[in-house]
Protein chains: 2
Amino acid sequence: MSILTRPILEINLGNLCENYRFLQKLADGAVAAAVVKDDAYGLGAEVIAAKLYNDAGCRSFFVAHGIEGEKIRPHVANAKIYVLQGIGEDSLESFRKAELIPVIAGREQLEFWKEHRIPGIKPVIQIESGLNRLGFREHELETMSQDDRNLFSLVLSHLACADEKGHFMNEHQLENFNRLRQKYFPKLPATLSASDGTFLGKEYLFDMVRIGAAMYGINTAPYRENQMLPVVKIMAPVLEISPLCRGEFVGYSATYRAADDRKIAIVSIGYGDGIPRSLSNVGKIFFRNGGKICEARIIGKVSMDNIICDVTEVENLQVGDMAFVVDDFYTLDDIGRDAGTIGYEVLSRIGKNTRFDRRYTD
Amino acid sequence: MSILTRPILEINLGNLCENYRFLQKLADGAVAAAVVKDDAYGLGAEVIAAKLYNDAGCRSFFVAHGIEGEKIRPHVANAKIYVLQGIGEDSLESFRKAELIPVIAGREQLEFWKEHRIPGIKPVIQIESGLNRLGFREHELETMSQDDRNLFSLVLSHLACADEKGHFMNEHQLENFNRLRQKYFPKLPATLSASDGTFLGKEYLFDMVRIGAAMYGINTAPYRENQMLPVVKIMAPVLEISPLCRGEFVGYSATYRAADDRKIAIVSIGYGDGIPRSLSNVGKIFFRNGGKICEARIIGKVSMDNIICDVTEVENLQVGDMAFVVDDFYTLDDIGRDAGTIGYEVLSRIGKNTRFDRRYTD
């Protein structure tokens, strides 16, 4: 018997690279830029950018903030690093030091850029095609001078519903994007799709796709089986196994009551490690018994450091055994669904926690 | 006009110390131990432990994992550091190096401790009083030898429903705890309450209370007005302001449609910064217009880097202005309620994100 207390986060860099290559092939000649914003969705932007640069030949990266670009620059010396949230007084130094390329999405940022231009850098222009988030609207493009239009090197927009293949918004945005770029930036290369758009067909690929969630194993085309390899696994040790008698309550606010005698296990992971509290009384934890995978329901509220689950039907379980929290058979997407959210959010929460024994594998 | 792109996280250490002192007074002579697990709920355990040690005289700290204890040890030289998740093979080194005190909650851990005893350290025993989480059950206490019982220095349990003053579980657990400790550990000092229990009355105080959430500004006694000072403020800049025409959709999956012409603002913060995605179409963002606080509803899905809100009624708003995401008038507890969770979980998610311009104030 092992006595263990810490949860383990395993990040498979080999599978990550395989996913990147799969998507690069799907991109069919378009540049496959890697999205490593939000600390590579929490998995460690420095490690992941370096891996993609060295082993997969990736030479274009997207981050959200200047500070994120500055952080990865030493690991991707000759790559282009694009910054989606644009440039401002609070990030100018990062842009200068790390030679970052801002994605400019509005008139005010454009004015700022013209005042603080960085030699050798040609920004990206983001235009609005239907998401109604960041991007120049058509009335702004109409009044933009040709000199201003000539400042840019790439035209970018972003899809709202690309994870739903039949959604009318996809075609609507594609038409908008084509019309606007042909009218205002006829000579510029273009990029419309993130991971999900890359699955929609060749007309969505343009000159570049921006590969994020799918590379990390998320199913961004949920209308069919996931074609991505899993990148993240999470395990956590069982701290205790106890009988639970009929009529007893479990966890904060006493939200679970045993209708008959049960057996429970306390697993050393909680919302403090990024596991959504909304899995309370809903989510699942798994155990392995020889070759068999055994499902155990989460009971009571998920607390900061612990999850309690019903192991009445799990045979041969011992203190110190590992619970499988995220695995091939219960993915980030599955957790997202059970937690009332999406795999992206679950992923983004998990890797930032320093209590994990974090292991990069290949 | 300022052009800014990064969200700001302000942590008021002065208010944190004031909250600690308030709770210390409420503890009425019991030791007020500070709970700094989960990186001080994301706010930075090293900074906060140092502040409490140096400015508030705190000499007892609780963490969840050995590695967390090791991290704060250099900042709290002569303090006791208790580790709630106990001790195991994966944390033994931390215990030895940093002279940590394990909270032992089961027979297997007790056996492990007896094999790996650290000279000069007397562990805490956790006993189960009704939460049905970690802790020795009575049948295990009955068969424990007197020698084993003599190993411990403190007896600990934890309340399930202390944030509901009238809940029957409080009295039930108090009775259980008193009966068990008097029967099996009559001479040991005792601790039952965290922040919430500290508000329940003198019989819940015993020799020590464990002050966490309330110290960070959370209302752990939500049946009355919060008596804590706010510790956390979050601001984020407006990146763009745009018209939204009748019939247009907003954000991923097109979950919001404008019934008439509106004005929207794109705010540079999202679930990648820990803001719950479940605030989509539900939560609020605030702006200041002179002395006036203006409420703006979040519309569409919260995305990883951005939140879109309806600012039709917000006058004089400009790109670069700050949106107030967490403040005195819209607290972590308020966000928790709107997001379908609790302030504890929101707090625990926020501070771990490195994209914040993090500012400690006093």
# chains A, B, ... in the order shown; residues from 1 in each chain; ligands from 1
$ interface_residues --of "chain A" --to "chain B" --cutoff "6 Å" --atoms "only C-alpha atoms" --output "list of chain:residue names"
A:Ile3, A:Leu4, A:Thr5, A:Asp38, A:Gly88, A:Glu89, A:Asp90, A:Leu131, A:Asn132, A:Ala160, A:Cys161, A:Val250, A:Gly251, A:Tyr252, A:Ser253, A:Gly272
$ write_last_selection --atoms "N, CA and C atoms" --output "PDB file, in the first residue's frame"
ATOM      1  N   ILE A   3       1.013   5.352   0.593  1.00  0.00           N
ATOM      2  CA  ILE A   3       0.273   6.460   1.192  1.00  0.00           C
ATOM      3  C   ILE A   3       0.668   7.727   0.446  1.00  0.00           C
ATOM      4  N   LEU A   4      -0.287   8.302  -0.253  1.00  0.00           N
ATOM      5  CA  LEU A   4      -0.034   9.486  -1.072  1.00  0.00           C
ATOM      6  C   LEU A   4      -1.091  10.537  -0.764  1.00  0.00           C
ATOM      7  N   THR A   5      -0.759  11.797  -1.040  1.00  0.00           N
ATOM      8  CA  THR A   5      -1.718  12.861  -0.737  1.00  0.00           C
ATOM      9  C   THR A   5      -1.969  13.824  -1.894  1.00  0.00           C
ATOM     10  N   ASP A  38      -3.441  32.138 -22.495  1.00  0.00           N
ATOM     11  CA  ASP A  38      -3.906  31.639 -21.204  1.00  0.00           C
ATOM     12  C   ASP A  38      -2.961  30.542 -20.697  1.00  0.00           C
ATOM     13  N   GLY A  88      -1.403  48.127 -25.871  1.00  0.00           N
ATOM     14  CA  GLY A  88      -1.781  49.302 -25.089  1.00  0.00           C
ATOM     15  C   GLY A  88      -0.606  49.778 -24.264  1.00  0.00           C
ATOM     16  N   GLU A  89      -0.841  50.824 -23.486  1.00  0.00           N
ATOM     17  CA  GLU A  89       0.231  51.380 -22.653  1.00  0.00           C
ATOM     18  C   GLU A  89       0.796  50.328 -21.694  1.00  0.00           C
ATOM     19  N   ASP A  90      -0.096  49.429 -21.266  1.00  0.00           N
ATOM     20  CA  ASP A  90       0.319  48.432 -20.273  1.00  0.00           C
ATOM     21  C   ASP A  90       1.019  47.225 -20.900  1.00  0.00           C
ATOM     22  N   LEU A 131     -19.651  37.656 -34.909  1.00  0.00           N
ATOM     23  CA  LEU A 131     -19.525  37.270 -33.502  1.00  0.00           C
ATOM     24  C   LEU A 131     -19.905  38.434 -32.584  1.00  0.00           C
ATOM     25  N   ASN A 132     -19.761  39.653 -33.124  1.00  0.00           N
ATOM     26  CA  ASN A 132     -19.990  40.868 -32.333  1.00  0.00           C
ATOM     27  C   ASN A 132     -19.128  40.922 -31.080  1.00  0.00           C
ATOM     28  N   ALA A 160     -18.386  32.271 -34.639  1.00  0.00           N
ATOM     29  CA  ALA A 160     -19.175  32.163 -33.411  1.00  0.00           C
ATOM     30  C   ALA A 160     -19.666  30.740 -33.145  1.00  0.00           C
ATOM     31  N   CYS A 161     -19.964  30.002 -34.213  1.00  0.00           N
ATOM     32  CA  CYS A 161     -20.692  28.739 -34.054  1.00  0.00           C
ATOM     33  C   CYS A 161     -20.044  27.595 -34.820  1.00  0.00           C
ATOM     34  N   VAL A 250     -23.648  13.818   3.879  1.00  0.00           N
ATOM     35  CA  VAL A 250     -22.287  13.934   3.360  1.00  0.00           C
ATOM     36  C   VAL A 250     -22.002  15.355   2.881  1.00  0.00           C
ATOM     37  N   GLY A 251     -20.890  15.912   3.361  1.00  0.00           N
ATOM     38  CA  GLY A 251     -20.343  17.142   2.794  1.00  0.00           C
ATOM     39  C   GLY A 251     -21.043  18.413   3.251  1.00  0.00           C
ATOM     40  N   TYR A 252     -20.522  19.537   2.738  1.00  0.00           N
ATOM     41  CA  TYR A 252     -21.056  20.852   3.101  1.00  0.00           C
ATOM     42  C   TYR A 252     -22.531  20.965   2.759  1.00  0.00           C
ATOM     43  N   SER A 253     -23.234  21.661   3.611  1.00  0.00           N
ATOM     44  CA  SER A 253     -24.661  21.920   3.457  1.00  0.00           C
ATOM     45  C   SER A 253     -25.494  20.644   3.440  1.00  0.00           C
ATOM     46  N   GLY A 272     -10.227  23.640  -5.484  1.00  0.00           N
ATOM     47  CA  GLY A 272      -8.938  24.330  -5.378  1.00  0.00           C
ATOM     48  C   GLY A 272      -7.919  23.827  -6.392  1.00  0.00           C
TER      49      GLY A 272
END
$ select_by_dssp --residues "region 110-332 of chain A" --states "strand (DSSP E)" --output "ChimeraX atom specification"
/A:124-126,154-156,190-194,208-211,232-244,249-250,256-257,262-267,284-289,292-297,307-310,322-326
$ closest_atom_pairs --of "region 161-275 of chain B" --to "region 18-35 of chain B" --cutoff "8 Å" --atoms "only C-alpha atoms" --output "tab-separated table"
residue	atom	partner	partner_atom	distance
B:Ser195	CA	B:Leu23	CA	7.9
B:Thr198	CA	B:Ala27	CA	6.4
B:Phe199	CA	B:Leu26	CA	7.6
B:Lys202	CA	B:Ala27	CA	7.8
B:Leu205	CA	B:Ala27	CA	6.3
B:Phe206	CA	B:Ala30	CA	6.5
B:Asp207	CA	B:Ala30	CA	4.7
B:Met208	CA	B:Val31	CA	4.4
B:Val209	CA	B:Ala32	CA	5.2
B:Arg210	CA	B:Ala33	CA	4.8
B:Ile211	CA	B:Ala34	CA	4.9
B:Gly212	CA	B:Val35	CA	4.6
B:Ala214	CA	B:Asn19	CA	7.3
B:Met215	CA	B:Asn19	CA	5.0
B:Tyr216	CA	B:Asn19	CA	7.6
B:Gly217	CA	B:Asn19	CA	7.4
B:Met228	CA	B:Asn19	CA	5.9
B:Leu229	CA	B:Asn19	CA	6.4
$ select_by_dssp --residues "region 164-194 of chain B" --states "alpha helix (DSSP H)" --output "ChimeraX atom specification"
/B:168-184
$ write_last_selection --atoms "C-alpha atoms" --output "mmCIF file, in the first residue's frame"
data_model
loop_
_atom_site.group_PDB
_atom_site.id
_atom_site.type_symbol
_atom_site.label_atom_id
_atom_site.label_comp_id
_atom_site.auth_asym_id
_atom_site.auth_seq_id
_atom_site.Cartn_x
_atom_site.Cartn_y
_atom_site.Cartn_z
ATOM 1 C CA PHE B 168 -29.533 21.197 13.101
ATOM 2 C CA MET B 169 -26.178 19.803 11.942
ATOM 3 C CA ASN B 170 -24.278 22.426 13.939
ATOM 4 C CA GLU B 171 -25.570 21.295 17.304
ATOM 5 C CA HIS B 172 -25.419 17.665 16.208
ATOM 6 C CA GLN B 173 -21.735 17.967 15.287
ATOM 7 C CA LEU B 174 -20.928 19.982 18.422
ATOM 8 C CA GLU B 175 -22.399 17.221 20.592
ATOM 9 C CA ASN B 176 -20.570 14.513 18.661
ATOM 10 C CA PHE B 177 -17.292 16.366 18.854
ATOM 11 C CA ASN B 178 -17.581 16.992 22.572
ATOM 12 C CA ARG B 179 -18.537 13.423 23.309
ATOM 13 C CA LEU B 180 -15.716 11.926 21.236
ATOM 14 C CA ARG B 181 -12.941 14.216 22.391
ATOM 15 C CA GLN B 182 -13.926 13.851 26.045
ATOM 16 C CA LYS B 183 -14.053 10.087 25.709
ATOM 17 C CA TYR B 184 -10.872 9.497 23.719
#
$ atom_distance --atom1 "CA of Phe286 (chain B)" --atom2 "CA of Thr312 (chain B)"
12.6 Å
$ residues_around --residues "Ile101 (chain B)" --least-positions-apart "2" --cutoff "9 Å" --atoms "only C-alpha atoms" --output "list in words"
Lys80, Ile81, Tyr82, Val83, Leu84, Gly86, Ile87, Phe95, Glu99, Val103, Ile121, Lys122, Pro123 and Val124 of chain B
$ write_last_selection --atoms "C-alpha atoms" --output "PDB file, in the first residue's frame"
ATOM      1  CA  LYS B  80       3.309  26.190  13.522  1.00  0.00           C
ATOM      2  CA  ILE B  81       2.254  24.976  10.076  1.00  0.00           C
ATOM      3  CA  TYR B  82      -0.485  22.334  10.012  1.00  0.00           C
ATOM      4  CA  VAL B  83      -1.165  20.242   6.899  1.00  0.00           C
ATOM      5  CA  LEU B  84      -4.816  19.252   6.464  1.00  0.00           C
ATOM      6  CA  GLY B  86      -1.983  14.685   5.986  1.00  0.00           C
ATOM      7  CA  ILE B  87       1.343  13.128   5.167  1.00  0.00           C
ATOM      8  CA  PHE B  95       7.463  17.732   6.214  1.00  0.00           C
ATOM      9  CA  GLU B  99       8.972  20.945  10.143  1.00  0.00           C
ATOM     10  CA  VAL B 103      -3.325  16.362  10.425  1.00  0.00           C
ATOM     11  CA  ILE B 121       6.583  16.987  15.805  1.00  0.00           C
ATOM     12  CA  LYS B 122       3.305  15.889  17.424  1.00  0.00           C
ATOM     13  CA  PRO B 123       0.554  15.464  14.840  1.00  0.00           C
ATOM     14  CA  VAL B 124      -3.072  16.534  14.985  1.00  0.00           C
TER      15      VAL B 124
END
$ residues_around --residues "Tyr204 (chain B)" --least-positions-apart "4" --cutoff "7 Å" --atoms "only C-alpha atoms" --output "VMD selection string"
chain B and resid 192 to 193 197 to 198 200
$ residues_around --residues "Asp148 (chain B)" --least-positions-apart "5" --cutoff "10 Å" --atoms "only C-alpha atoms" --output "list of chain:residue names"
B:Leu110, B:Glu111, B:Lys114, B:Leu141
$ closest_residue --among "B:Ala98, B:Ala339, B:Ile104, B:Ala49" --to "Ser153 (chain B)" --atoms "only C-alpha atoms"
B:Ile104
$ closest_residue --among "B:Phe62, B:Asp321, B:Leu151, B:His139" --to "Ala194 (chain B)" --atoms "only C-alpha atoms"
B:Phe62
$ atom_distance --atom1 "CA of Arg149 (chain A)" --atom2 "CA of Ala190 (chain A)"
14.0 Å
$ residues_around --residues "Ile11 (chain B)" --least-positions-apart "2" --cutoff "6 Å" --atoms "only C-alpha atoms" --output "list in words"
Val231, Val232 and Tyr360 of chain B
